[in-house]
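Colleague: Okay, handing you the structure first.
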Amino acid sequence: MVRLFIGTPSKGVLLILDTGSALIYAIFDPRKSSSFQKINCDHPDCTYFKCVNEQCVYTMKYADQSVTKGFAAHETISVIGKGEGKAIFHGALFGCSNDNHGFDEDARDGALAGVLGLSRVTISFISQLGSIIKKRFSYCLVIPLPNGEYTSSYLKFGTDMGYRRPSTQATKFINHPNNFYYLSLKDISIDNERMNFPPDTFDITVSGEGGCIIDSGSVLTYFHSDVYWKLHEKFVSYFERFQLAQLSDCPEPIQLCYFLPETFNRFPSMAFYFEDANLRIDGENVFIIDYENHFFLLAVAPHDDLVALIGSQQQRDTRFVYDLNIDLLSFVKENCSDDSA
């Protein structure tokens with residue numbers, strides 16, 4: 001999540017950092033802001049929304065069945081940086097959600113309040129800021145501390161990247177009409193053993209289906225069932241040597257979970273082989289590990305969609321830099337907690 005400040009006077013909100021979404025939206029009471037301006041249907045910005053009963057509205061539906069509805073508006077958005085640094089953006093296009101189902105009921109009191117859309121779509125936060133941030137942003141997702149608490153790190157913009165190290169790798173984004181961050185995925189390995197999928201497994205089809213997306217808004221990584229069950233079989237084969245007890249009641253949509261013995265730490269690594277770059281994921285980030293309740297879950301799941309989706313669990317402790325000027329994703333291993341406030 002990322003903390004932004006919306007309105008005048010500004011109200012702090014926590015939003016999901018989501019490279020797979022376009023709109024910035026939040027559960028927000030416009031009556032408490034003097035800078036709030038609702039958008040009429042005849043406004044050019046309403047072309048990105050629907051006009052219903054002379055109101056510019058939107059509906060967002062998610063895989064977990066949560067739904068948010070609201071109307072489009074212009075509002076002041078503030079970002080607080082390191083030290084006393086502060087940037088204020090007037091007239092930002094955002095969604096004011098007023099009809100929510102399946103969200104945290106305490107969102108109005110400081111819990112999760114919405115989504116910060118960072119895709120390449122025109123209405124995203126990144127696209128709106130455009131030249132102000134030199135079309136570049138970066139994040140490094142922290143791993144929780146041993147006691148379960150999190151430190152924070154910074155969402156960075158423009159030239160404030162600080163990642164140029166010899167081990168930095170880079171791969172080009174693939175252009176696609178839906179403006180998600182598509183990558184050219186060639187193969188996958190588990191415990192340093194290549195799966196050797198056919199070369200066209202993760203290609204985008206003529207109809208625009210398939211491919212591979214990097215998505216910070218999804219915790220889990222998803223693959224089409226045909227791919228997933230081959231990976232599943234490989235993980236099961238790996239853990240057989242340790243005679244771990246496999247659990248049968250994994251939370252949906254996760255399909256593989258185990259009892260965690262007290263001293264077990266032999267989690268297999270995973271790697272994604274992209275065009276010109278390889279992203280290696282340490283075993284602790286391949287799985288969701290609950291040391292207190294003694295079980296762990298494979299943070300990879302099947303779905304019916306042909307597209308592969310790399311979620312945030314597999315992005316932790318790696319610096320990702322998105323440079324939209326040259327359509328390039330750079331990444332390098334980093335202790336993200338070192339970037340904390």
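In the structure tokens, chains take the letters A, B, ... in the order shown, each chain's residues start at 1, and ligands count up from 1 in the order shown.
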Could the residues of stretch 193-231 of chain A that have an atom at most 12 Å from stretch 285-290 of chain A be listed as CSV, each with its closest atom pair and the distance in Å to one decimal, counting only C-alpha atoms and ordered by chain and ascending residue number?
Modeller:
residue,atom,partner,partner_atom,distance
A:Val219,CA,A:Ile288,CA,9.8
A:Leu220,CA,A:Ile288,CA,9.4
A:Thr221,CA,A:Val286,CA,9.3
Colleague: List every residue of stretch 264-303 of chain A that has an atom at most 12 Å from any atom of stretch 325-331 of chain A, giving for each one its closest atom pair and the distance in Å to one decimal, counting only C-alpha atoms, sorted by chain and then by ascending residue number, as a tab-separated table.
Modeller:
residue	atom	partner	partner_atom	distance
A:Phe274	CA	A:Leu329	CA	10.8
A:Glu275	CA	A:Leu329	CA	11.1
A:Asp276	CA	A:Ser330	CA	10.8
A:Ala277	CA	A:Ser330	CA	8.9
A:Asn278	CA	A:Phe331	CA	9.5
A:Leu279	CA	A:Phe331	CA	8.0
A:Arg280	CA	A:Phe331	CA	10.5
A:Ile281	CA	A:Phe331	CA	12.0
Colleague: Which residues, written as a ChimeraX atom specification, have at least one atom at most 8 Å from A:Gly210, with only C-alpha atoms counted and residues fewer than 3 positions away on the same chain left out?
Modeller: /A:202-205,305-308
Colleague: When you draw a straight line from atom CA of A:Leu116 to atom CA of A:Glu75, how long is it in Å?
Modeller: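 Computing the Euclidean distance for atom CA of A:Leu116 and atom CA of A:Glu75 yields 14.1 Å.
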Colleague: What is the distance, in Å and to one decimal place, between atom CA of A:Arg31 and atom CA of A:Gly85?
Modeller: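 Value for the atom CA of A:Arg31-atom CA of A:Gly85 distance: 27.8 Å.
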Colleague: Quote the spacing between atom CA of A:Leu23 and atom CA of A:Gly117 in Å to one decimal place.
Modeller: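 For atom CA of A:Leu23 relative to atom CA of A:Gly117, the distance reads 4.9 Å.
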Colleague: I'd like the contact shell of stretch 291-302 of chain A - 7 Å cut-off, only C-alpha atoms, skipping same-chain residues fewer than 3 positions apart - returned as a count of residues only.
Modeller: 20
Colleague: Between A:Thr168, A:Val321, A:Thr76, A:Asn335, which residue has the minimum interatomic distance to A:Pro144, considering only C-alpha atoms?
Modeller: A:Asn335
Colleague: DSSP says strand (DSSP E or B) for which residues of stretch 33-185 of chain A? Put them as a VMD selection string?
Modeller: chain A and resid 37 to 38 50 to 52 55 to 61 67 to 80 86 to 101 112 to 117 136 to 141 156 to 157 169 to 174 182 to 183 185
Colleague: Where in stretch 12-208 of chain A does DSSP assign helix (DSSP H, G or I), given as a list of chain:residue names?
Modeller: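 These are the residues in question: A:Pro30, A:Arg31, A:Lys32, A:Pro44, A:Asp45, A:Cys46, A:Thr47, A:Tyr48, A:Ala107, A:Arg108, A:Asp109, A:Phe125, A:Ile126, A:Ser127, A:Gln128, A:Leu129, A:Gly130, A:Ser131, A:Ile132, A:Ile133.
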Colleague: Find the residues of stretch 144-234 of chain A that sit at most 7 Å from stretch 122-140 of chain A; for each, write down the nearest two atoms and how far apart they are in Å, to one decimal. Count only C-alpha atoms. Sort by chain, then by number going up, and give it as JSON lines.
Modeller:
{"residue": "A:Ser153", "atom": "CA", "partner": "A:Cys140", "partner_atom": "CA", "distance": 6.7}
{"residue": "A:Tyr154", "atom": "CA", "partner": "A:Tyr139", "partner_atom": "CA", "distance": 6.5}
{"residue": "A:Leu155", "atom": "CA", "partner": "A:Tyr139", "partner_atom": "CA", "distance": 5.0}
{"residue": "A:Lys156", "atom": "CA", "partner": "A:Ser138", "partner_atom": "CA", "distance": 5.0}
{"residue": "A:Phe157", "atom": "CA", "partner": "A:Phe137", "partner_atom": "CA", "distance": 4.3}
{"residue": "A:Gly158", "atom": "CA", "partner": "A:Ile133", "partner_atom": "CA", "distance": 4.3}
{"residue": "A:Met161", "atom": "CA", "partner": "A:Ser138", "partner_atom": "CA", "distance": 6.4}
Colleague: May I have the residues within 7 Å of stretch 182-190 of chain A as a list in words, using only C-alpha atoms and disregarding those fewer than 2 positions away in the same chain?
Modeller: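 Listing them by chain and then by number gives Lys172, Phe173, Ile174, Phe180, Asn192, Glu193, Arg194, Met195, Asn196, Phe197, Pro199, Phe202, Gly211, Cys212, Ile213, Ile214, Pro268, Ser269, Met270, Ala271, Phe272, Tyr273, Phe274 and Glu275 of chain A.
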Colleague: Would you put the residues from that selection into a file with C-alpha atoms, as a short mmCIF file (atom, residue, chain, number, x, y, z; two decimals), in the first residue's frame?
Modeller:
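result13.cif, freshly written:
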data_model
loop_
_atom_site.label_atom_id
_atom_site.label_comp_id
_atom_site.auth_asym_id
_atom_site.auth_seq_id
_atom_site.Cartn_x
_atom_site.Cartn_y
_atom_site.Cartn_z
CA LYS A 172 11.67 -4.43 -22.71
CA PHE A 173 7.92 -4.04 -22.27
CA ILE A 174 5.78 -5.46 -25.06
CA PHE A 180 -0.66 -3.35 -19.04
CA ASN A 192 17.48 -24.07 -10.62
CA GLU A 193 15.90 -26.68 -12.92
CA ARG A 194 14.37 -25.33 -16.14
CA MET A 195 10.80 -26.36 -16.93
CA ASN A 196 11.55 -26.16 -20.67
CA PHE A 197 8.11 -24.98 -21.68
CA PRO A 199 8.85 -21.48 -26.86
CA PHE A 202 3.78 -17.30 -22.98
CA GLY A 211 1.39 -13.14 -22.65
CA CYS A 212 2.84 -12.23 -19.25
CA ILE A 213 2.06 -9.20 -17.07
CA ILE A 214 3.89 -7.86 -14.02
CA PRO A 268 13.09 -23.91 -3.45
CA SER A 269 13.90 -20.83 -5.51
CA MET A 270 12.04 -19.90 -8.66
CA ALA A 271 13.19 -17.92 -11.69
CA PHE A 272 11.50 -16.21 -14.62
CA TYR A 273 13.50 -16.10 -17.84
CA PHE A 274 12.62 -12.97 -19.80
CA GLU A 275 14.05 -11.55 -22.99
#
Colleague: Set the distance at 6 Å and use only C-alpha atoms: which residues neighbour stretch 315-317 of chain A once local chain neighbours fewer than 2 positions away are removed? I'd like the list as a list of chain:residue names.
Modeller: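 So the residues in contact are A:Leu141, A:Val142, A:Ser312, A:Gln313, A:Glu334, A:Asn335, A:Cys336.
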